[in-house]
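Engineer: Just start12.cif, nothing more (mmCIF, C-alpha atoms):
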data_query
loop_
_atom_site.label_atom_id
_atom_site.label_comp_id
_atom_site.auth_asym_id
_atom_site.auth_seq_id
_atom_site.Cartn_x
_atom_site.Cartn_y
_atom_site.Cartn_z
CA MET A 1 104.48 101.26 10.08
CA HIS A 2 101.20 99.40 10.34
CA SER A 3 100.82 98.28 6.75
CA ALA A 4 99.63 94.82 7.78
CA TRP A 5 96.05 96.02 8.26
CA TRP A 6 95.96 97.22 4.64
CA MET A 7 97.60 94.17 3.06
CA TRP A 8 95.29 91.87 5.00
CA PHE A 9 92.29 93.65 3.55
CA TRP A 10 93.42 93.14 -0.01
CA TYR A 11 94.42 89.51 0.29
CA SER A 12 91.96 88.08 2.81
CA PRO A 13 89.62 85.49 1.27
CA ALA A 14 86.81 87.18 3.17
CA HIS A 15 87.12 90.09 0.76
CA THR A 16 86.66 88.11 -2.46
CA ARG A 17 83.56 86.71 -4.08
CA THR A 18 82.84 84.30 -6.91
CA THR A 19 80.90 85.54 -9.93
CA SER A 20 79.60 83.57 -12.87
CA THR A 21 79.67 85.02 -16.39
CA PRO A 22 78.41 83.53 -19.65
CA ALA A 23 81.08 82.04 -21.95
CA ARG A 24 80.82 80.68 -25.46
CA GLY A 25 82.03 77.13 -25.94
CA ALA A 26 83.57 75.75 -29.14
CA SER A 27 80.15 74.44 -30.21
CA GLY A 28 78.60 77.87 -29.68
CA SER A 29 76.68 76.79 -26.58
CA GLU A 30 76.82 78.94 -23.49
CA GLY A 31 78.85 77.65 -20.56
CA VAL A 32 79.80 79.09 -17.20
CA SER A 33 83.24 80.42 -16.22
CA THR A 34 84.22 81.40 -12.69
CA CYS A 35 86.39 84.41 -11.84
CA TRP A 36 87.43 86.14 -8.58
CA HIS A 37 87.02 89.83 -7.86
CA PRO A 38 88.04 91.77 -4.78
CA ALA A 39 84.83 92.69 -3.03
CA GLY A 40 84.29 96.23 -1.86
CA VAL A 41 86.88 97.86 -4.13
CA ALA A 42 84.66 100.94 -4.34
CA ASP A 43 84.63 101.08 -0.54
CA LEU A 44 88.41 100.66 -0.42
CA ARG A 45 88.89 103.69 -2.62
CA LYS A 46 87.09 105.77 0.00
CA VAL A 47 89.50 104.74 2.76
CA ASP A 48 92.12 107.35 3.62
CA ALA A 49 94.97 104.86 4.09
CA ALA A 50 97.49 107.59 4.94
CA LEU A 51 95.25 108.91 7.70
CA VAL A 52 94.80 105.42 9.15
CA GLU A 53 98.57 104.86 9.08
CA ARG A 54 99.26 108.15 10.84
CA THR A 55 96.65 107.41 13.47
CA LEU A 56 98.03 103.93 14.17
CA ASP A 57 101.62 105.17 14.31
CA ARG A 58 100.65 107.93 16.75
CA GLN A 59 98.49 105.65 18.90
CA HIS A 60 100.65 102.53 19.10
CA GLY A 61 98.42 100.51 16.80
CA VAL A 62 95.18 101.45 18.61
CA ILE A 63 92.23 103.14 16.92
CA SER A 64 88.72 104.07 18.00
CA ARG A 65 85.59 103.21 16.06
CA ARG A 66 84.95 106.91 15.50
CA GLN A 67 88.44 107.41 14.06
CA ALA A 68 88.16 104.35 11.83
CA LEU A 69 84.81 105.41 10.38
CA ALA A 70 86.10 108.97 9.88
CA SER A 71 88.99 107.50 7.86
CA GLY A 72 86.57 105.84 5.44
CA LEU A 73 86.37 102.32 6.83
CA THR A 74 82.83 100.97 6.81
CA ARG A 75 81.06 99.14 9.61
CA ASN A 76 81.33 95.91 7.62
CA MET A 77 85.08 96.38 7.26
CA LEU A 78 85.43 96.83 11.00
CA GLN A 79 83.26 93.82 11.73
CA ARG A 80 85.37 91.59 9.48
CA ARG A 81 88.55 92.72 11.16
CA ILE A 82 87.41 92.04 14.73
CA ARG A 83 85.64 88.75 14.03
CA ALA A 84 87.05 85.57 15.59
CA GLY A 85 90.39 84.83 13.95
CA GLY A 86 90.59 88.29 12.42
CA PRO A 87 93.67 90.52 12.55
CA TRP A 88 92.20 93.06 14.98
CA GLN A 89 90.77 92.73 18.46
CA ARG A 90 88.31 94.81 20.45
CA ILE A 91 90.30 95.95 23.46
CA LEU A 92 87.49 98.14 24.91
CA PRO A 93 84.02 99.12 23.73
CA GLY A 94 84.50 101.10 20.54
CA VAL A 95 88.30 100.78 20.69
CA TYR A 96 90.38 98.34 18.63
CA LEU A 97 93.92 97.00 18.74
CA THR A 98 95.06 96.40 15.16
CA MET A 99 97.10 93.31 15.99
CA THR A 100 96.76 90.10 17.92
CA GLY A 101 98.42 89.27 21.22
CA VAL A 102 98.53 90.94 24.62
CA PRO A 103 98.45 94.76 24.52
CA THR A 104 101.42 96.70 25.86
CA ILE A 105 101.21 99.31 28.62
CA ASP A 106 101.25 102.08 26.00
CA GLN A 107 98.46 100.42 24.05
CA ARG A 108 96.33 99.98 27.16
CA ASP A 109 96.85 103.61 28.19
CA VAL A 110 95.93 104.91 24.73
CA ALA A 111 92.90 102.62 24.57
CA ALA A 112 91.69 103.85 27.97
CA LEU A 113 91.94 107.48 26.88
CA LEU A 114 90.15 106.79 23.60
CA TYR A 115 87.37 105.07 25.52
CA GLY A 116 87.15 108.05 27.87
CA GLY A 117 86.73 110.39 24.91
CA PRO A 118 87.90 113.95 24.19
CA ARG A 119 89.52 115.83 27.11
CA SER A 120 90.11 112.62 29.02
CA VAL A 121 93.19 112.59 31.25
CA MET A 122 94.93 109.68 32.95
CA THR A 123 95.53 109.82 36.70
CA ALA A 124 96.37 107.70 39.78
CA ALA A 125 98.67 104.66 39.44
CA ALA A 126 99.07 104.68 35.65
CA ALA A 127 99.95 108.40 35.71
CA LEU A 128 102.37 107.91 38.62
CA ARG A 129 104.38 105.54 36.44
CA ARG A 130 104.46 108.15 33.69
CA HIS A 131 105.97 110.60 36.20
CA GLY A 132 108.58 108.03 37.21
CA LEU A 133 107.11 107.65 40.68
CA ARG A 134 106.50 104.57 42.77
CA ALA A 135 103.25 102.85 41.85
CA PRO A 136 101.75 99.43 42.55
CA ASN A 137 101.57 96.79 39.87
CA THR A 138 97.96 97.08 38.83
CA GLU A 139 96.17 96.58 35.53
CA ALA A 140 93.68 99.35 36.28
CA VAL A 141 93.95 102.59 34.31
CA ASP A 142 92.16 105.52 35.97
CA ILE A 143 90.70 108.13 33.63
CA LEU A 144 89.29 111.56 34.45
CA VAL A 145 86.37 112.58 32.20
CA PRO A 146 83.99 115.57 32.20
CA ALA A 147 81.21 115.20 34.77
CA GLU A 148 78.49 115.26 32.13
CA ARG A 149 79.98 112.43 30.07
CA SER A 150 78.23 109.05 30.10
CA ARG A 151 80.96 106.47 30.64
CA GLU A 152 81.08 103.43 32.88
CA ASN A 153 83.92 101.34 34.28
CA THR A 154 84.77 98.56 31.88
CA GLY A 155 87.59 96.06 31.50
CA PHE A 156 90.75 97.57 32.95
CA VAL A 157 89.42 101.16 32.87
CA ARG A 158 88.13 103.01 35.93
CA ILE A 159 86.20 106.16 35.06
CA HIS A 160 86.15 109.21 37.35
CA ARG A 161 83.66 111.89 36.36
CA THR A 162 84.79 115.26 37.61
CA ALA A 163 83.97 118.93 37.37
CA ARG A 164 87.66 119.62 38.12
CA LEU A 165 89.34 118.47 34.94
CA PRO A 166 93.01 119.55 34.92
CA GLU A 167 93.45 122.84 33.10
CA ALA A 168 96.79 121.59 31.81
CA ALA A 169 98.09 118.06 31.41
CA TYR A 170 101.37 116.32 30.72
CA ALA A 171 101.78 114.35 27.50
CA SER A 172 103.93 111.46 26.36
CA GLY A 173 103.13 110.95 22.71
CA SER A 174 99.37 110.43 22.52
CA VAL A 175 99.05 109.68 26.25
CA THR A 176 97.87 112.61 28.39
CA PHE A 177 98.13 112.45 32.17
CA ALA A 178 97.52 114.72 35.13
CA ALA A 179 100.17 116.74 36.96
CA PRO A 180 101.97 115.05 39.87
CA THR A 181 99.89 116.86 42.52
CA ARG A 182 96.57 115.69 41.05
CA THR A 183 97.94 112.23 40.33
CA VAL A 184 99.17 111.71 43.90
CA ALA A 185 95.94 113.06 45.42
CA ASP A 186 93.69 110.92 43.21
CA PHE A 187 95.77 107.83 43.92
CA ALA A 188 95.84 108.45 47.68
CA ARG A 189 92.04 108.80 47.86
CA GLY A 190 91.73 105.18 46.77
CA LEU A 191 94.08 103.83 49.46
CA THR A 192 93.19 102.58 52.93
CA ALA A 193 96.60 102.39 54.64
CA LEU A 194 98.69 105.34 55.80
CA PRO A 195 102.08 103.75 54.97
CA ALA A 196 101.11 103.39 51.31
CA VAL A 197 99.88 106.99 51.13
CA ARG A 198 103.00 108.24 52.90
CA ALA A 199 105.26 106.33 50.50
CA VAL A 200 103.79 107.80 47.32
CA ALA A 201 103.53 111.36 48.68
CA ALA A 202 107.06 111.31 50.10
CA SER A 203 108.40 109.91 46.83
CA ALA A 204 106.81 112.74 44.84
CA VAL A 205 108.25 115.38 47.19
CA GLN A 206 111.72 113.83 47.44
CA ARG A 207 112.02 113.47 43.67
CA GLY A 208 111.07 117.10 43.19
CA ARG A 209 107.86 116.40 41.29
CA CYS A 210 105.91 118.66 43.65
CA THR A 211 106.07 120.31 47.06
CA VAL A 212 104.12 119.72 50.25
CA ALA A 213 102.46 123.10 49.75
CA GLN A 214 101.33 122.17 46.23
CA LEU A 215 99.86 118.90 47.47
CA ALA A 216 98.07 120.78 50.25
CA ASP A 217 96.60 123.18 47.68
CA GLU A 218 95.37 120.23 45.61
CA LEU A 219 93.75 118.71 48.68
CA ALA A 220 92.05 122.00 49.52
CA GLY A 221 90.52 122.21 46.03
CA GLY A 222 89.46 118.58 45.81
CA PRO A 223 86.82 116.42 47.48
CA VAL A 224 87.07 115.84 51.22
CA GLN A 225 86.01 112.21 50.95
CA GLY A 226 89.01 109.89 51.00
CA SER A 227 91.50 112.68 51.78
CA ALA A 228 92.11 112.02 55.50
CA LEU A 229 95.15 109.75 55.06
CA LEU A 230 96.85 112.11 52.66
CA ARG A 231 96.34 114.99 55.09
CA LEU A 232 98.05 112.95 57.81
CA ALA A 233 100.87 111.98 55.46
CA LEU A 234 101.46 115.60 54.42
CA ALA A 235 101.68 116.69 58.05
CA GLU A 236 104.35 114.04 58.61
CA ILE A 237 106.27 114.91 55.45
CA ALA A 238 106.18 118.60 56.35
CA ASP A 239 107.92 117.65 59.61
CA GLY A 240 110.62 115.80 57.67
CA VAL A 241 109.28 112.25 57.97
CA ARG A 242 110.35 110.06 55.05
CA SER A 243 109.79 106.48 56.25
CA GLY A 244 107.24 104.35 58.03
CA ALA A 245 109.44 103.96 61.09
CA GLU A 246 109.85 107.73 61.37
CA GLY A 247 106.10 108.20 60.98
CA ASP A 248 105.39 105.71 63.77
CA PHE A 249 107.96 107.42 66.01
CA ARG A 250 106.39 110.83 65.33
CA ALA A 251 102.93 109.51 66.22
CA LEU A 252 104.32 108.02 69.45
CA LEU A 253 105.87 111.34 70.48
CA ILE A 254 102.63 113.20 69.77
CA ARG A 255 100.60 110.75 71.87
CA ALA A 256 103.11 111.12 74.71
CA GLY A 257 102.97 114.90 74.51
CA LEU A 258 106.71 115.15 73.83
CA PRO A 259 108.35 117.74 71.56
CA LEU A 260 109.09 116.65 68.02
CA PRO A 261 112.68 116.51 66.75
CA MET A 262 113.81 117.71 63.33
CA PHE A 263 113.50 114.64 61.13
CA ASN A 264 116.11 114.23 58.37
CA ALA A 265 117.62 117.63 59.08
CA ARG A 266 120.35 118.81 56.70
CA LEU A 267 123.58 119.41 58.62
CA TYR A 268 126.19 121.95 57.56
CA CYS A 269 129.69 122.60 58.70
CA GLY A 270 130.22 126.16 57.56
CA ASP A 271 129.24 126.11 53.91
CA VAL A 272 129.73 122.35 53.62
CA LEU A 273 126.77 119.96 53.60
CA LEU A 274 127.29 116.82 55.66
CA ASP A 275 125.58 113.51 55.05
CA ARG A 276 125.85 111.12 58.00
CA GLY A 277 129.06 112.83 59.04
CA ARG A 278 130.57 112.73 55.53
CA MET A 279 131.34 115.81 53.49
CA VAL A 280 129.15 115.84 50.35
CA ALA A 281 129.29 119.45 49.14
#
Would it be possible to restate this file's structure as structure tokens?

Structural biologist:
Amino acid sequence: MHSAWWMWFWYSPAHTRTTSTPARGASGSEGVSTCWHPAGVADLRKVDAALVERTLDRQHGVISRRQALASGLTRNMLQRRIRAGGPWQRILPGVYLTMTGVPTIDQRDVAALLYGGPRSVMTAAAALRRHGLRAPNTEAVDILVPAERSRENTGFVRIHRTARLPEAAYASGSVTFAAPTRTVADFARGLTALPAVRAVAASAVQRGRCTVAQLADELAGGPVQGSALLRLALAEIADGVRSGAEGDFRALLIRAGLPLPMFNARLYCGDVLLDRGRMVA
């Protein structure tokens, strides 16, 4: 539970004020007494604490400005929380992490989607990791947003406006991400080396996340720009190529005009599958 945000509000000195009230002394003269009152109690009563708690639990301690205001927090409350030394931090424009320290991968992913806005979907490297596929160690989180939405790259978020938002998306808690075909294609369009493109595409096919045909369909429906390397990689994978060395050998045979062998063919002895001469099934 994220009760710390609530307790901090009640007990932070920033939320108290000194008031002076008249007091009668023993001689009947008026003196001054000082007392402390929690400031903004009326505002606090308007905060839907249960809604804030549910939001923070669902979103790994991350909340957007819109969500916070909708829960009853005021702009002044938000400003006090994200001030220097406060308990919250602004992780992206209009998105807050309700704790100090370095955000986790989940918190960064949620923050990126909140920044992207409704219907945003994660893709490329961050989505590859969600599918359990090979992905480079990068801080960037790529987000697909509707083409008409006004969003710019900021911090660790890379925005991709598109008229081809996925009709359906995968979800892990509050994190939504594109299907493997779209994820691989979007990631490949940002690469400049065939071996890297081959590695991610072959990994997706070998692990059963998608087929060569499905990747080809995704390429046909997407932009041509940046797709050349993935088209080459798919042609190799369709021929059975699974490694860089095999890809280089295939290219050499094509240049020499020689027939291509069957790469990584599955060998059977009767009904028994052989792997490197060993019986496996």

Engineer: For the structure shown, which residues end up in the PyMOL selection byres ((chain A and resi 56) around 12)? Put them as an mmCIF file with C-alpha atoms, in the frame of the given file, please?

Structural biologist:
data_model
loop_
_atom_site.group_PDB
_atom_site.id
_atom_site.type_symbol
_atom_site.label_atom_id
_atom_site.label_comp_id
_atom_site.auth_asym_id
_atom_site.auth_seq_id
_atom_site.Cartn_x
_atom_site.Cartn_y
_atom_site.Cartn_z
ATOM 1 C CA MET A 1 104.480 101.260 10.080
ATOM 2 C CA HIS A 2 101.200 99.400 10.340
ATOM 3 C CA SER A 3 100.820 98.280 6.750
ATOM 4 C CA ALA A 4 99.630 94.820 7.780
ATOM 5 C CA TRP A 5 96.050 96.020 8.260
ATOM 6 C CA TRP A 6 95.960 97.220 4.640
ATOM 7 C CA ALA A 49 94.970 104.860 4.090
ATOM 8 C CA ALA A 50 97.490 107.590 4.940
ATOM 9 C CA LEU A 51 95.250 108.910 7.700
ATOM 10 C CA VAL A 52 94.800 105.420 9.150
ATOM 11 C CA GLU A 53 98.570 104.860 9.080
ATOM 12 C CA ARG A 54 99.260 108.150 10.840
ATOM 13 C CA THR A 55 96.650 107.410 13.470
ATOM 14 C CA ASP A 57 101.620 105.170 14.310
ATOM 15 C CA ARG A 58 100.650 107.930 16.750
ATOM 16 C CA GLN A 59 98.490 105.650 18.900
ATOM 17 C CA HIS A 60 100.650 102.530 19.100
ATOM 18 C CA GLY A 61 98.420 100.510 16.800
ATOM 19 C CA VAL A 62 95.180 101.450 18.610
ATOM 20 C CA ILE A 63 92.230 103.140 16.920
ATOM 21 C CA SER A 64 88.720 104.070 18.000
ATOM 22 C CA GLN A 67 88.440 107.410 14.060
ATOM 23 C CA ALA A 68 88.160 104.350 11.830
ATOM 24 C CA SER A 71 88.990 107.500 7.860
ATOM 25 C CA TYR A 96 90.380 98.340 18.630
ATOM 26 C CA LEU A 97 93.920 97.000 18.740
ATOM 27 C CA THR A 98 95.060 96.400 15.160
ATOM 28 C CA MET A 99 97.100 93.310 15.990
ATOM 29 C CA GLN A 107 98.460 100.420 24.050
ATOM 30 C CA VAL A 110 95.930 104.910 24.730
ATOM 31 C CA ALA A 111 92.900 102.620 24.570
ATOM 32 C CA SER A 174 99.370 110.430 22.520
#

Engineer: Could you tell me which residues the PyMOL selection byres ((chain A and resi 161) around 10) returns for this structure, as a list in words?

Structural biologist: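 For this structure, the PyMOL selection byres ((chain A and resi 161) around 10) resolves to Gly116, Ser120, Ile143, Leu144, Val145, Pro146, Ala147, Glu148, Arg149, Ser150, Arg151, Glu152, Arg158, Ile159, His160, Thr162, Ala163, Arg164 and Leu165 of chain A.
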
Engineer: Separation of atom CA of Gly86 of chain A and atom CA of Ala126 of chain A, in Å?

Structural biologist: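 Between atom CA of Gly86 of chain A and atom CA of Ala126 of chain A the gap works out to 29.7 Å.
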
Engineer: Here's the selection I'm unsure about, the PyMOL selection byres ((chain A and resi 217-219) around 10); applied to the file above, which residues does it give, as an NGL selection string?

Structural biologist: :A and (181-186 or 211-216 or 220-224 or 227-228 or 230-231)

Engineer: Nearest to Pro87 of chain A: which of A:Gly101, A:Leu234, A:Ala171, A:Arg75 is it, counting all atoms listed in the file?

Structural biologist: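 Using all atoms listed in the file, the shortest distance to Pro87 of chain A belongs to A:Gly101.
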
Engineer: Rank A:Gly208, A:Ile105, A:Asn76, A:Pro259 by their smallest atom-to-atom distance to Asn137 of chain A, using only C-alpha atoms, and report the top residue only.

Structural biologist: A:Ile105

Engineer: Report the distance between atom CA of Phe156 of chain A and atom CA of Ala140 of chain A in Å, rounded to one decimal place.

Structural biologist: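 Computed distance, atom CA of Phe156 of chain A to atom CA of Ala140 of chain A, equals 4.8 Å.
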
Engineer: Using only the atoms of segment 48-57 of chain A listed in the file, plus 3 Å on each side, state the axis-aligned box centre and edge lengths in Å rounded to one decimal, as JSON.

Structural biologist:
{"center_x": 96.9, "center_y": 106.4, "center_z": 9.0, "size_x": 15.5, "size_y": 11.0, "size_z": 16.7}

Engineer: Take atom CA of Val121 of chain A and atom CA of Leu133 of chain A and report the distance between them in Å, one decimal.

Structural biologist: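 Interatomic distance, atom CA of Val121 of chain A to atom CA of Leu133 of chain A: 17.5 Å.
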
Engineer: For Ser203 of chain A, which residue among A:Gly226, A:Gly85, A:Gly132, A:Gly72 is the nearest when counting all atoms listed in the file?

Structural biologist: A:Gly132

Engineer: Using only C-alpha atoms, pick whichever of A:Met262, A:Ala169, A:Val47, A:Ala233 has the shortest atom-to-atom distance to Thr74 of chain A.

Structural biologist: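 Ranking A:Met262, A:Ala169, A:Val47, A:Ala233 by distance to Thr74 of chain A, first place goes to A:Val47.
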
Engineer: Using all atoms listed in the file for the distances, tell me which of A:Glu139, A:Asp239, A:Asp109, A:Asp48 is nearest to Phe177 of chain A.

Structural biologist: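 Of all the options, A:Asp109 lies closest to Phe177 of chain A.
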
Engineer: Each residue of segment 159-201 of chain A lying at most 12 Å from segment 246-250 of chain A should get a row with its shortest atom-to-atom pair and the distance in Å to one decimal, counting only C-alpha atoms; could you produce that, ordered by chain and increasing number, as CSV?

Structural biologist:
residue,atom,partner,partner_atom,distance
A:Leu194,CA,A:Gly247,CA,9.5
A:Pro195,CA,A:Gly247,CA,8.5
A:Ala196,CA,A:Gly247,CA,11.9
A:Val197,CA,A:Gly247,CA,11.7
A:Arg198,CA,A:Gly247,CA,8.7
A:Ala199,CA,A:Gly247,CA,10.7

Engineer: Using all atoms listed in the file, which of A:Asn153, A:Trp88, A:Pro136, A:Leu128 sits nearest Tyr115 of chain A?

Structural biologist: A:Asn153

Engineer: Is there a way to complete segment 62-74 of chain A with N, CA and C atoms and then write that out as a PDB file, keeping the file's coordinate frame?

Structural biologist:
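Contents of the output file rebuild.pdb:
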ATOM      1  N   VAL A  62      96.532 101.441  18.047  1.00  0.00           N
ATOM      2  CA  VAL A  62      95.180 101.450  18.610  1.00  0.00           C
ATOM      3  C   VAL A  62      94.362 102.513  17.883  1.00  0.00           C
ATOM      4  N   ILE A  63      93.098 102.195  17.614  1.00  0.00           N
ATOM      5  CA  ILE A  63      92.230 103.140  16.920  1.00  0.00           C
ATOM      6  C   ILE A  63      90.810 103.005  17.464  1.00  0.00           C
ATOM      7  N   SER A  64      90.111 104.113  17.531  1.00  0.00           N
ATOM      8  CA  SER A  64      88.720 104.070  18.000  1.00  0.00           C
ATOM      9  C   SER A  64      87.796 103.852  16.811  1.00  0.00           C
ATOM     10  N   ARG A  65      86.595 103.408  17.104  1.00  0.00           N
ATOM     11  CA  ARG A  65      85.590 103.210  16.060  1.00  0.00           C
ATOM     12  C   ARG A  65      85.322 104.522  15.337  1.00  0.00           C
ATOM     13  N   ARG A  66      85.209 105.604  16.102  1.00  0.00           N
ATOM     14  CA  ARG A  66      84.950 106.910  15.500  1.00  0.00           C
ATOM     15  C   ARG A  66      86.067 107.294  14.531  1.00  0.00           C
ATOM     16  N   GLN A  67      87.316 107.082  14.933  1.00  0.00           N
ATOM     17  CA  GLN A  67      88.440 107.410  14.060  1.00  0.00           C
ATOM     18  C   GLN A  67      88.458 106.547  12.808  1.00  0.00           C
ATOM     19  N   ALA A  68      88.158 105.268  12.972  1.00  0.00           N
ATOM     20  CA  ALA A  68      88.160 104.350  11.830  1.00  0.00           C
ATOM     21  C   ALA A  68      87.092 104.744  10.812  1.00  0.00           C
ATOM     22  N   LEU A  69      85.892 105.027  11.291  1.00  0.00           N
ATOM     23  CA  LEU A  69      84.810 105.410  10.380  1.00  0.00           C
ATOM     24  C   LEU A  69      85.123 106.741   9.710  1.00  0.00           C
ATOM     25  N   ALA A  70      85.738 107.667  10.451  1.00  0.00           N
ATOM     26  CA  ALA A  70      86.100 108.970   9.880  1.00  0.00           C
ATOM     27  C   ALA A  70      87.169 108.826   8.803  1.00  0.00           C
ATOM     28  N   SER A  71      87.938 107.734   8.855  1.00  0.00           N
ATOM     29  CA  SER A  71      88.990 107.500   7.860  1.00  0.00           C
ATOM     30  C   SER A  71      88.455 106.805   6.613  1.00  0.00           C
ATOM     31  N   GLY A  72      87.174 106.455   6.623  1.00  0.00           N
ATOM     32  CA  GLY A  72      86.570 105.840   5.440  1.00  0.00           C
ATOM     33  C   GLY A  72      86.271 104.363   5.573  1.00  0.00           C
ATOM     34  N   LEU A  73      86.714 103.717   6.655  1.00  0.00           N
ATOM     35  CA  LEU A  73      86.370 102.320   6.830  1.00  0.00           C
ATOM     36  C   LEU A  73      84.876 102.207   7.109  1.00  0.00           C
ATOM     37  N   THR A  74      84.252 101.164   6.586  1.00  0.00           N
ATOM     38  CA  THR A  74      82.830 100.970   6.810  1.00  0.00           C
ATOM     39  C   THR A  74      82.612 100.074   8.029  1.00  0.00           C
TER      40      THR A  74
END
